[in-house]
>>> print(open('start26.txt').read())   # compact mmCIF, C-alpha atoms and all ligand atoms
# COMPACT_ATOMS: atom_id res chain seq x y z
CA MET R 1 -111.59 -70.24 -62.23
CA GLU R 2 -111.31 -72.90 -64.94
CA LYS R 3 -114.01 -75.61 -64.88
CA LEU R 4 -113.41 -79.33 -65.17
CA VAL R 5 -115.84 -80.25 -67.92
CA GLN R 6 -115.82 -83.55 -69.80
CA LYS R 7 -112.25 -84.06 -68.72
CA GLU R 8 -112.55 -87.46 -67.10
CA HIS R 9 -109.06 -88.40 -68.16
CA ASP R 10 -107.42 -85.01 -67.86
CA PHE R 11 -105.55 -85.85 -64.72
CA SER R 12 -103.41 -82.72 -64.85
CA ALA R 13 -106.57 -80.60 -64.54
CA LYS R 14 -107.87 -82.87 -61.77
CA LEU R 15 -104.68 -82.30 -59.78
CA ARG R 16 -105.20 -78.56 -60.05
CA GLN R 17 -108.65 -78.64 -58.45
CA LYS R 18 -109.04 -76.27 -55.51
CA SER R 19 -109.03 -79.05 -52.87
CA VAL R 20 -106.05 -80.81 -54.41
CA ILE R 21 -103.68 -78.20 -55.78
CA GLU R 22 -101.78 -77.77 -52.50
CA ASN R 23 -100.86 -81.49 -52.64
CA LEU R 24 -99.52 -80.95 -56.13
CA LYS R 25 -97.55 -77.84 -55.17
CA GLU R 26 -95.99 -79.50 -52.11
CA TYR R 27 -95.12 -82.57 -54.13
CA ILE R 28 -93.44 -80.54 -56.88
CA LEU R 29 -91.44 -78.52 -54.35
CA TRP R 30 -90.34 -81.68 -52.56
CA GLU R 31 -89.36 -83.39 -55.81
CA ARG R 32 -87.38 -80.34 -56.91
CA ALA R 33 -85.55 -80.22 -53.58
CA ARG R 34 -84.82 -83.96 -53.80
CA ARG R 35 -83.10 -83.46 -57.13
CA ASP R 36 -80.99 -80.70 -55.69
CA SER R 37 -78.37 -82.31 -53.46
CA HIS R 38 -77.93 -79.07 -51.46
CA ARG R 39 -81.50 -78.95 -50.22
CA LYS R 40 -83.46 -81.17 -47.89
CA GLU R 41 -87.23 -81.08 -47.75
CA ALA R 42 -89.47 -83.44 -45.75
CA PHE R 43 -91.67 -85.76 -47.83
CA PRO R 44 -95.15 -84.11 -47.76
CA LEU R 45 -97.28 -85.82 -45.15
CA ARG R 46 -100.30 -86.19 -47.39
CA GLY R 47 -102.05 -89.39 -48.34
CA PRO R 48 -103.51 -90.31 -51.73
CA ILE R 49 -106.39 -88.25 -53.12
CA SER R 50 -107.92 -91.35 -54.65
CA ILE R 51 -107.62 -95.08 -54.06
CA ASN R 52 -108.66 -98.21 -55.87
CA LEU R 53 -110.16 -100.31 -53.06
CA ASP R 54 -110.22 -104.01 -53.94
CA LEU R 55 -112.62 -105.45 -51.39
CA THR R 56 -112.06 -109.09 -52.20
CA SER R 57 -110.21 -111.40 -54.54
CA ALA R 58 -113.38 -113.52 -54.88
CA CYS R 59 -115.21 -113.39 -58.18
CA ASN R 60 -118.39 -115.15 -59.30
CA PHE R 61 -117.57 -114.81 -63.03
CA ARG R 62 -114.78 -116.57 -64.91
CA CYS R 63 -114.01 -114.00 -67.62
CA PRO R 64 -111.44 -115.59 -69.96
CA HIS R 65 -110.05 -112.12 -70.75
CA CYS R 66 -109.60 -111.13 -67.10
CA VAL R 67 -106.42 -109.14 -66.74
CA ASP R 68 -106.43 -110.05 -63.05
CA SER R 69 -106.99 -113.79 -63.50
CA GLY R 70 -103.72 -114.53 -61.71
CA ILE R 71 -104.77 -112.76 -58.50
CA ILE R 72 -108.47 -113.64 -58.14
CA ASN R 73 -110.09 -116.30 -55.99
CA THR R 74 -107.12 -116.56 -53.66
CA GLY R 75 -109.44 -116.69 -50.64
CA GLU R 76 -108.30 -113.23 -49.52
CA ALA R 77 -110.63 -110.34 -48.66
CA LEU R 78 -110.28 -107.13 -46.69
CA ASP R 79 -112.19 -107.28 -43.41
CA LEU R 80 -114.65 -104.56 -42.46
CA ASP R 81 -112.56 -103.27 -39.55
CA THR R 82 -109.47 -102.86 -41.72
CA ILE R 83 -111.52 -101.06 -44.34
CA ARG R 84 -113.19 -98.70 -41.85
CA GLN R 85 -109.91 -97.91 -40.10
CA SER R 86 -108.07 -97.41 -43.39
CA ILE R 87 -110.81 -95.09 -44.68
CA ASP R 88 -110.63 -93.09 -41.43
CA THR R 89 -106.84 -92.77 -41.58
CA LEU R 90 -106.80 -91.87 -45.27
CA THR R 91 -109.69 -89.39 -45.01
CA GLU R 92 -107.75 -87.59 -42.29
CA LYS R 93 -104.77 -87.52 -44.67
CA GLY R 94 -106.78 -85.98 -47.52
CA LEU R 95 -108.49 -88.87 -49.33
CA LEU R 96 -111.36 -87.61 -51.52
CA SER R 97 -112.48 -90.55 -53.63
CA VAL R 98 -112.67 -94.34 -53.61
CA ILE R 99 -113.14 -96.71 -56.52
CA LEU R 100 -114.57 -100.04 -55.40
CA ILE R 101 -113.18 -102.47 -57.93
CA GLY R 102 -110.99 -105.59 -58.07
CA GLY R 103 -109.19 -107.99 -58.30
CA GLY R 104 -112.42 -109.76 -57.64
CA GLU R 105 -116.02 -108.64 -57.68
CA PRO R 106 -116.79 -105.95 -55.07
CA THR R 107 -120.46 -106.90 -54.70
CA VAL R 108 -119.65 -110.41 -53.43
CA HIS R 109 -117.96 -108.94 -50.33
CA THR R 110 -120.15 -109.68 -47.28
CA ASP R 111 -120.11 -106.05 -46.17
CA PHE R 112 -120.42 -104.33 -49.53
CA GLU R 113 -123.38 -102.12 -48.53
CA GLU R 114 -121.78 -101.09 -45.24
CA ILE R 115 -118.54 -100.17 -47.04
CA VAL R 116 -120.39 -97.91 -49.48
CA ARG R 117 -122.22 -96.34 -46.52
CA TYR R 118 -118.95 -95.81 -44.69
CA CYS R 119 -117.22 -94.18 -47.66
CA ARG R 120 -120.18 -91.88 -48.32
CA GLY R 121 -120.46 -91.15 -44.59
CA ASN R 122 -116.85 -89.93 -44.70
CA GLY R 123 -117.81 -87.59 -47.55
CA LEU R 124 -115.84 -89.50 -50.17
CA GLN R 125 -116.82 -89.67 -53.82
CA VAL R 126 -117.61 -93.28 -54.69
CA GLY R 127 -117.20 -95.16 -57.97
CA ILE R 128 -118.25 -98.81 -58.31
CA VAL R 129 -116.97 -101.18 -60.99
CA THR R 130 -118.99 -104.39 -61.11
CA ASN R 131 -119.93 -107.31 -63.30
CA GLY R 132 -123.58 -106.47 -62.55
CA SER R 133 -124.61 -109.89 -61.25
CA ARG R 134 -125.54 -108.58 -57.78
CA LEU R 135 -127.05 -105.22 -58.54
CA GLU R 136 -129.66 -105.72 -55.82
CA ARG R 137 -126.82 -104.98 -53.38
CA VAL R 138 -126.02 -101.72 -55.19
CA GLU R 139 -129.71 -100.86 -55.21
CA GLU R 140 -129.70 -101.17 -51.43
CA VAL R 141 -127.32 -98.18 -51.17
CA ALA R 142 -128.17 -96.37 -54.42
CA ASP R 143 -129.95 -93.54 -52.59
CA LEU R 144 -126.70 -92.63 -50.80
CA LEU R 145 -124.88 -91.93 -54.04
CA GLN R 146 -124.54 -88.29 -55.04
CA GLU R 147 -123.81 -86.21 -58.11
CA GLY R 148 -120.31 -87.22 -59.24
CA ASP R 149 -120.61 -90.80 -57.95
CA TRP R 150 -120.77 -93.52 -60.55
CA LEU R 151 -121.59 -97.13 -61.29
CA ARG R 152 -119.80 -98.81 -64.18
CA LEU R 153 -120.79 -102.24 -65.43
CA SER R 154 -118.30 -104.44 -67.23
CA ILE R 155 -120.54 -105.77 -70.00
CA ASP R 156 -118.25 -106.14 -73.02
CA ALA R 157 -120.97 -107.45 -75.33
CA ALA R 158 -124.40 -106.73 -76.80
CA ARG R 159 -125.64 -110.25 -77.43
CA GLU R 160 -126.42 -112.88 -74.81
CA GLU R 161 -124.15 -115.46 -76.42
CA THR R 162 -121.12 -113.16 -76.52
CA PHE R 163 -121.88 -111.95 -73.00
CA PHE R 164 -121.93 -115.54 -71.80
CA LYS R 165 -118.70 -116.52 -73.58
CA SER R 166 -116.93 -113.38 -72.39
CA HIS R 167 -117.81 -113.81 -68.73
CA LEU R 168 -118.80 -117.42 -68.03
CA PRO R 169 -121.24 -116.15 -65.38
CA GLY R 170 -123.11 -118.37 -62.95
CA LYS R 171 -126.59 -119.75 -63.57
CA ASN R 172 -129.51 -117.36 -64.00
CA VAL R 173 -127.29 -114.44 -64.97
CA THR R 174 -128.32 -112.89 -68.25
CA LEU R 175 -127.32 -109.70 -70.00
CA LYS R 176 -130.95 -108.64 -70.17
CA LYS R 177 -131.43 -108.99 -66.40
CA ILE R 178 -128.25 -107.00 -65.68
CA LEU R 179 -129.31 -104.20 -68.02
CA SER R 180 -132.83 -104.09 -66.53
CA ASP R 181 -131.45 -103.97 -62.98
CA ALA R 182 -129.06 -101.18 -63.98
CA ARG R 183 -131.90 -99.14 -65.47
CA GLN R 184 -133.90 -99.58 -62.30
CA ILE R 185 -131.02 -98.17 -60.24
CA LYS R 186 -130.62 -95.22 -62.58
CA GLN R 187 -134.34 -94.51 -62.40
CA SER R 188 -134.30 -94.73 -58.60
CA ASN R 189 -131.41 -92.24 -58.39
CA PRO R 190 -130.73 -90.29 -61.60
CA LYS R 191 -127.74 -88.55 -59.94
CA ILE R 192 -125.67 -91.71 -60.42
CA SER R 193 -123.61 -91.68 -63.58
CA LEU R 194 -124.21 -95.08 -65.18
CA GLY R 195 -121.54 -96.55 -67.45
CA TYR R 196 -121.50 -99.50 -69.85
CA SER R 197 -117.90 -100.64 -70.03
CA TYR R 198 -116.74 -102.46 -73.13
CA VAL R 199 -113.36 -104.16 -73.43
CA ILE R 200 -112.82 -104.54 -77.18
CA VAL R 201 -111.67 -108.03 -78.09
CA TRP R 202 -110.44 -108.84 -81.59
CA GLU R 203 -109.73 -112.12 -83.29
CA GLY R 204 -106.62 -114.03 -82.33
CA ILE R 205 -106.13 -112.92 -78.73
CA PHE R 206 -105.14 -115.85 -76.53
CA MET R 207 -105.16 -115.75 -72.77
CA ASN R 208 -104.19 -118.70 -70.61
CA GLY R 209 -103.95 -120.76 -73.80
CA LYS R 210 -107.55 -120.07 -74.90
CA GLU R 211 -108.77 -117.84 -77.69
CA LEU R 212 -111.04 -115.02 -76.51
CA CYS R 213 -114.47 -114.34 -77.97
CA PRO R 214 -114.25 -111.33 -80.36
CA ASN R 215 -116.85 -108.59 -79.92
CA ILE R 216 -115.95 -105.81 -82.40
CA ASP R 217 -119.07 -106.42 -84.52
CA GLU R 218 -121.35 -105.69 -81.57
CA ILE R 219 -119.98 -102.26 -80.75
CA HIS R 220 -122.87 -100.35 -82.33
CA GLU R 221 -125.46 -102.68 -80.81
CA ALA R 222 -123.97 -102.04 -77.37
CA VAL R 223 -124.34 -98.29 -77.87
CA GLU R 224 -128.00 -98.79 -78.85
CA LEU R 225 -128.63 -101.00 -75.83
CA ALA R 226 -126.98 -98.46 -73.55
CA GLY R 227 -129.43 -95.82 -74.80
CA GLU R 228 -132.39 -98.14 -74.36
CA TYR R 229 -131.40 -99.01 -70.78
CA ALA R 230 -130.77 -95.45 -69.54
CA PHE R 231 -126.98 -95.56 -69.38
CA ASP R 232 -125.13 -92.25 -69.55
CA TYR R 233 -122.19 -93.49 -71.55
CA VAL R 234 -120.38 -96.45 -73.06
CA SER R 235 -116.64 -96.55 -72.44
CA PHE R 236 -114.50 -98.50 -74.85
CA LYS R 237 -111.02 -99.78 -74.07
CA PRO R 238 -108.76 -102.31 -75.76
CA CYS R 239 -108.15 -105.74 -74.28
CA LEU R 240 -104.95 -105.70 -72.25
CA LEU R 241 -102.72 -108.70 -71.79
CA ARG R 242 -100.35 -109.51 -68.98
CA LEU R 243 -97.15 -110.38 -70.74
CA ASP R 244 -95.72 -113.64 -69.50
CA GLY R 245 -92.72 -113.13 -67.35
CA SER R 246 -93.24 -109.47 -66.54
CA LYS R 247 -96.87 -109.85 -65.34
CA LYS R 248 -97.40 -106.21 -66.26
CA GLU R 249 -100.34 -105.07 -68.36
CA SER R 250 -99.67 -104.56 -72.04
CA LEU R 251 -101.26 -104.45 -75.53
CA PHE R 252 -100.60 -106.82 -78.45
CA SER R 253 -98.31 -109.72 -77.61
CA LYS R 254 -96.21 -109.69 -80.80
CA PRO R 255 -95.76 -106.80 -83.22
CA ASP R 256 -97.48 -107.54 -86.56
CA ALA R 257 -98.20 -104.30 -88.42
CA GLU R 258 -100.54 -105.77 -91.03
CA ARG R 259 -102.71 -107.54 -88.51
CA GLU R 260 -102.78 -104.51 -86.21
CA ASN R 261 -103.79 -102.21 -89.09
CA SER R 262 -106.71 -104.39 -90.06
CA ILE R 263 -107.90 -104.68 -86.44
CA ILE R 264 -107.64 -100.92 -85.97
CA GLN R 265 -109.59 -100.26 -89.16
CA LYS R 266 -112.34 -102.63 -88.05
CA ILE R 267 -112.58 -100.93 -84.66
CA ARG R 268 -112.67 -97.51 -86.32
CA ASP R 269 -115.47 -98.55 -88.71
CA ASN R 270 -117.55 -100.00 -85.92
CA LEU R 271 -117.08 -96.98 -83.67
CA THR R 272 -118.03 -94.65 -86.51
CA LYS R 273 -121.20 -96.67 -87.10
CA ALA R 274 -121.96 -96.58 -83.36
CA LYS R 275 -121.60 -92.80 -83.23
CA GLU R 276 -124.10 -92.19 -86.05
CA ASN R 277 -127.25 -92.23 -83.93
CA ALA R 278 -125.82 -92.60 -80.44
CA GLN R 279 -128.14 -91.56 -77.62
CA VAL R 280 -125.39 -91.85 -75.02
CA ALA R 281 -121.89 -90.45 -74.70
CA ILE R 282 -119.14 -92.60 -76.18
CA LEU R 283 -115.86 -92.54 -74.28
CA GLU R 284 -112.66 -93.96 -75.69
CA SER R 285 -109.85 -94.76 -73.28
CA VAL R 286 -106.44 -93.13 -73.52
CA ASN R 287 -104.88 -96.42 -74.65
CA LEU R 288 -107.60 -97.04 -77.27
CA HIS R 289 -106.84 -93.63 -78.75
CA ALA R 290 -103.15 -94.39 -78.70
CA MET R 291 -103.75 -97.74 -80.36
CA MET R 292 -105.87 -96.21 -83.12
CA ASP R 293 -103.39 -93.39 -83.68
CA ARG R 294 -100.62 -95.99 -83.82
CA ASN R 295 -98.64 -94.40 -81.03
CA VAL R 296 -98.96 -96.96 -78.27
CA HIS R 297 -95.15 -96.87 -78.08
CA GLU R 298 -95.49 -93.29 -76.85
CA LEU R 299 -97.58 -94.40 -73.84
CA LYS R 300 -94.85 -96.91 -72.98
CA ARG R 301 -92.23 -94.18 -72.72
CA GLN R 302 -92.35 -93.02 -69.12
CA PRO R 303 -90.25 -90.52 -67.18
CA VAL R 304 -87.91 -92.10 -64.62
CA VAL R 305 -90.15 -91.02 -61.74
CA CYS R 306 -93.78 -92.12 -61.64
CA HIS R 307 -95.35 -89.06 -59.99
CA SER R 308 -98.89 -90.44 -60.00
CA GLN R 309 -98.13 -92.82 -57.16
CA PHE R 310 -98.10 -89.86 -54.77
CA PHE R 311 -101.73 -89.09 -55.63
CA ARG R 312 -103.29 -92.54 -56.14
CA THR R 313 -102.65 -96.01 -54.74
CA VAL R 314 -104.37 -99.40 -54.54
CA LEU R 315 -105.51 -100.98 -51.28
CA ALA R 316 -106.11 -104.69 -51.91
CA PRO R 317 -106.37 -107.86 -49.80
CA SER R 318 -102.84 -108.74 -50.94
CA GLY R 319 -101.39 -105.39 -49.90
CA VAL R 320 -100.98 -101.74 -50.82
CA PHE R 321 -99.70 -101.18 -54.37
CA HIS R 322 -98.28 -98.04 -55.93
CA CYS R 323 -100.23 -98.50 -59.20
CA PRO R 324 -103.34 -100.33 -60.50
CA ALA R 325 -101.23 -101.86 -63.31
CA TYR R 326 -99.05 -103.45 -60.59
CA ARG R 327 -101.84 -105.11 -58.59
CA GLY R 328 -100.42 -108.28 -57.17
CA VAL R 329 -96.97 -107.62 -58.65
CA PRO R 330 -94.25 -107.72 -55.94
CA LYS R 331 -92.36 -104.74 -57.46
CA GLY R 332 -95.41 -102.53 -56.95
CA ARG R 333 -96.18 -103.61 -53.39
CA ILE R 334 -95.43 -101.01 -50.74
CA ALA R 335 -97.18 -102.48 -47.66
CA ASN R 336 -99.35 -105.24 -46.26
CA SER R 337 -103.10 -104.82 -46.47
CA ASP R 338 -103.10 -103.18 -43.02
CA GLY R 339 -100.78 -100.47 -44.34
CA TYR R 340 -103.32 -97.69 -43.84
CA LYS R 341 -104.97 -99.05 -40.69
CA ASN R 342 -103.74 -96.35 -38.32
CA ASN R 343 -101.37 -93.39 -38.27
CA GLU R 344 -98.36 -95.48 -37.37
CA MET R 345 -98.99 -97.91 -40.23
CA PHE R 346 -99.72 -95.02 -42.58
CA ASN R 347 -96.38 -93.40 -41.74
CA LYS R 348 -94.57 -96.65 -42.49
CA THR R 349 -96.43 -97.11 -45.78
CA HIS R 350 -95.85 -93.47 -46.66
CA GLY R 351 -92.12 -94.02 -46.06
CA ALA R 352 -92.23 -97.00 -48.44
CA LEU R 353 -94.02 -94.81 -50.98
CA GLU R 354 -91.30 -92.19 -50.68
CA GLN R 355 -88.75 -94.94 -51.31
CA SER R 356 -90.75 -96.14 -54.29
CA ILE R 357 -90.79 -92.62 -55.76
CA ARG R 358 -87.03 -92.47 -55.29
CA ASP R 359 -86.13 -96.00 -56.45
CA PHE R 360 -88.74 -97.26 -58.89
CA ASP R 361 -87.49 -96.45 -62.37
CA ALA R 362 -90.68 -96.20 -64.44
CA SER R 363 -88.69 -95.54 -67.63
CA GLN R 364 -87.38 -99.10 -67.34
CA GLU R 365 -89.98 -100.94 -65.28
CA CYS R 366 -92.99 -99.60 -67.21
CA ASN R 367 -91.62 -99.76 -70.73
CA VAL R 368 -94.22 -102.39 -71.69
CA VAL R 369 -97.07 -100.79 -69.71
CA VAL R 370 -99.50 -98.75 -71.80
CA CYS R 371 -99.81 -96.20 -69.03
CA PHE R 372 -103.01 -94.27 -68.27
CA TYR R 373 -100.99 -91.81 -66.27
CA HIS R 374 -98.39 -91.23 -68.98
CA HIS R 375 -99.58 -87.70 -69.82
CA VAL R 376 -99.88 -86.48 -66.26
CA ASN R 377 -96.52 -87.98 -65.31
CA TRP R 378 -94.82 -86.14 -68.15
CA TRP R 379 -96.75 -82.96 -67.42
CA ILE R 380 -95.52 -82.98 -63.80
CA GLU R 381 -92.02 -83.94 -64.94
CA HIS R 382 -91.87 -80.99 -67.34
CA PHE R 383 -93.24 -78.62 -64.74
CA ILE R 384 -90.60 -79.74 -62.23
CA SER R 385 -87.76 -79.21 -64.65
CA SER R 386 -89.19 -75.93 -66.00
CA GLY R 387 -88.28 -74.20 -62.77
CA LYS R 388 -91.58 -72.25 -62.96
CA SER R 389 -93.09 -71.10 -59.69
CA VAL R 390 -95.86 -73.39 -58.41
CA ASP R 391 -97.92 -70.22 -57.97
CA GLU R 392 -98.25 -70.15 -61.75
CA LEU R 393 -100.35 -73.33 -61.63
CA GLU R 394 -103.91 -72.38 -62.49
CA THR R 395 -106.60 -73.58 -60.10
CA VAL R 396 -109.60 -75.52 -61.41
CA GLU R 397 -112.99 -75.72 -59.65
CA ASP R 398 -113.61 -78.86 -57.57
CA ASN R 399 -115.56 -81.51 -59.41
CA ASN R 400 -114.13 -84.98 -59.86
CA PHE R 401 -111.49 -86.54 -57.62
CA PHE R 402 -111.20 -89.95 -59.26
CA LEU R 403 -107.71 -90.75 -60.49
C1 LIG G 501 -110.97 -107.15 -63.25
S1 LIG G 501 -112.49 -106.28 -63.20
C2 LIG G 501 -112.91 -106.43 -61.48
C3 LIG G 501 -114.18 -105.72 -61.09
C4 LIG G 501 -115.47 -106.44 -61.43
N1 LIG G 501 -115.44 -107.83 -61.09
C5 LIG G 501 -115.86 -106.26 -62.89
O1 LIG G 501 -116.13 -107.27 -63.56
O2 LIG G 501 -115.95 -105.14 -63.31
C6 LIG G 501 -112.00 -104.59 -63.28
C7 LIG G 501 -112.03 -103.99 -64.66
O3 LIG G 501 -110.97 -104.58 -65.40
C8 LIG G 501 -111.42 -104.70 -66.73
N2 LIG G 501 -110.65 -105.73 -67.41
C9 LIG G 501 -110.56 -107.04 -67.13
N3 LIG G 501 -109.78 -107.67 -67.99
C10 LIG G 501 -109.34 -106.73 -68.86
C11 LIG G 501 -108.49 -106.76 -69.99
N4 LIG G 501 -107.92 -107.90 -70.40
N5 LIG G 501 -108.28 -105.62 -70.64
C12 LIG G 501 -108.82 -104.45 -70.24
N6 LIG G 501 -109.62 -104.36 -69.17
C13 LIG G 501 -109.88 -105.49 -68.49
C14 LIG G 501 -112.88 -105.08 -66.59
O4 LIG G 501 -113.60 -104.81 -67.76
C15 LIG G 501 -113.30 -104.22 -65.44
O5 LIG G 501 -113.80 -102.99 -65.92
>>> encode(input="start26.txt", output="structure tokens", more="lines below")
Ligand SMILES: C[S@@+](CC[C@H](N)C(=O)[O-])C[C@H]1O[C@@H](n2cnc3c(N)ncnc32)[C@H](O)[C@@H]1O
Amino acid sequence: MEKLVQKEHDFSAKLRQKSVIENLKEYILWERARRDSHRKEAFPLRGPISINLDLTSACNFRCPHCVDSGIINTGEALDLDTIRQSIDTLTEKGLLSVILIGGGEPTVHTDFEEIVRYCRGNGLQVGIVTNGSRLERVEEVADLLQEGDWLRLSIDAAREETFFKSHLPGKNVTLKKILSDARQIKQSNPKISLGYSYVIVWEGIFMNGKELCPNIDEIHEAVELAGEYAFDYVSFKPCLLRLDGSKKESLFSKPDAERENSIIQKIRDNLTKAKENAQVAILESVNLHAMMDRNVHELKRQPVVCHSQFFRTVLAPSGVFHCPAYRGVPKGRIANSDGYKNNEMFNKTHGALEQSIRDFDASQECNVVVCFYHHVNWWIEHFISSGKSVDELETVEDNNFFL
């Protein structure tokens, strides 16, 4: 059986893992039948394999680049009962992994530790995305995390001054303290995969009328720091914008080839320098690759049907969304935040998801979104139209269920 090695972003392999492949097969068969007006097939009664779980909209940082700035600090949070009941319902329906993220900052939720315990107790893989200001709360549950679970810190800088300008954190929060706390967690439980996340900001990006603090020059220093503080990897991604009007995530506000070329060259040079003596893995996001290869337009060309929504959704205080890029966007909302609370609510939400798969035209709606799921959506699309038997899909060993 094929192994899933270093294929974090190879979603088509992830969907062929032993515990997941039946979901994929049923989905493909249903989708084929749906396109054939002579056949009727019931929508597969399977929940998502993976969810983004936004615990709260509250955040204790004020990052000027925050792609979610329009939906944070609304006073909304998911309550513990809703979370527990939703986890129970979804686990019964096949959920295998949870990413605690935001919206806001997961570690400011009153019940953060209990939620991690609950997810792990249900046998789910757990990923945590945090600004790192409350790592003592992660430390509290670090021993529960297993091989495959991960902690990713949104650092985006290598120098204190840039860190401060990029996050506007509260008093007494320093980059050095965050890095030291992270190393302590890694040393207490080496099974946790520890990530240093770096949103690359270049000159001339404005968000909410303010220019963001560029950080390209610090890329190699960040890689050195990551090695020093026992991180496993640094993951680089480009700064996304939410285009006014559409509210959807995108890259570069106005096309300007000369400016883009010089930014890309600068990023390339700094990444090359960083790779020279790197002691940690360097990951580059799908959209960073596309940006550097000058084919971002390709990631904006989606098939009509977004297939990924069948396998991964977002549960947030403001509702259930069919895609992380549509957090807080009415077009992506398929239910209230209690949409997975029990079987009855799940069935209703699942019905709305079926409708979304039928009605949401990703080729139009997502033509400005630099989509992470572009490749897997096209891969499924081509498989559906190939007419090949689903039995030809090759199974991959179980490993990583994060989507
Ligand atoms: C909005 S944050 C919320 C979770 C947590 N508070 C944190 O700081 O990681 C979730 C992720 O979005 C990323 N992010 C925020 N603004 C972004 C942007 N403009 N472009 C790309 N990623 C962004 C952050 O780096 C972080 O990894």
>>> residues_near_ligand(input="start26.txt", ligand="ligand LIG 501 (chain G)", cutoff="9 Å", atoms="all atoms listed in the file", output="PyMOL selection string")
chain R and resi 54+57-61+63-69+72+100-107+128-132+152-156+167+197-201+207+237-242+249-251
>>> closest_residue(input="start26.txt", among="R:Lys300, R:Arg312, R:Lys341, R:Arg117", to="Thr89 of chain R", atoms="only C-alpha atoms")
R:Lys341
>>> closest_residue(input="start26.txt", among="R:Tyr340, R:Tyr27, R:Phe206, R:Tyr196", to="Gly227 of chain R", atoms="all atoms listed in the file")
R:Tyr196
>>> atom_distance(input="start26.txt", atom1="atom CA of Leu299 of chain R", atom2="atom CA of Trp378 of chain R")
10.4 Å
>>> atom_distance(input="start26.txt", atom1="atom CA of Arg183 of chain R", atom2="atom CA of Tyr229 of chain R")
5.3 Å
>>> residues_near_point(input="start26.txt", point="(-121.2, -96.9, -84.1)", cutoff="10 Å", atoms="only C-alpha atoms", output="ChimeraX atom specification")
/R:217-224,267-278,282
>>> closest_residue(input="start26.txt", among="R:Ala13, R:Ile192, R:Leu90, R:Ala42", to="Asp143 of chain R", atoms="only C-alpha atoms")
R:Ile192
>>> atom_distance(input="start26.txt", atom1="atom CA of Phe164 of chain R", atom2="atom CA of Arg134 of chain R")
16.1 Å
>>> closest_residue(input="start26.txt", among="R:Ala33, R:Phe360, R:Thr395, R:Asp338", to="Asp81 of chain R", atoms="only C-alpha atoms")
R:Asp338
>>> closest_residue(input="start26.txt", among="R:Arg46, R:Met292, R:Ala182, R:Ser285", to="Ser262 of chain R", atoms="only C-alpha atoms")
R:Met292
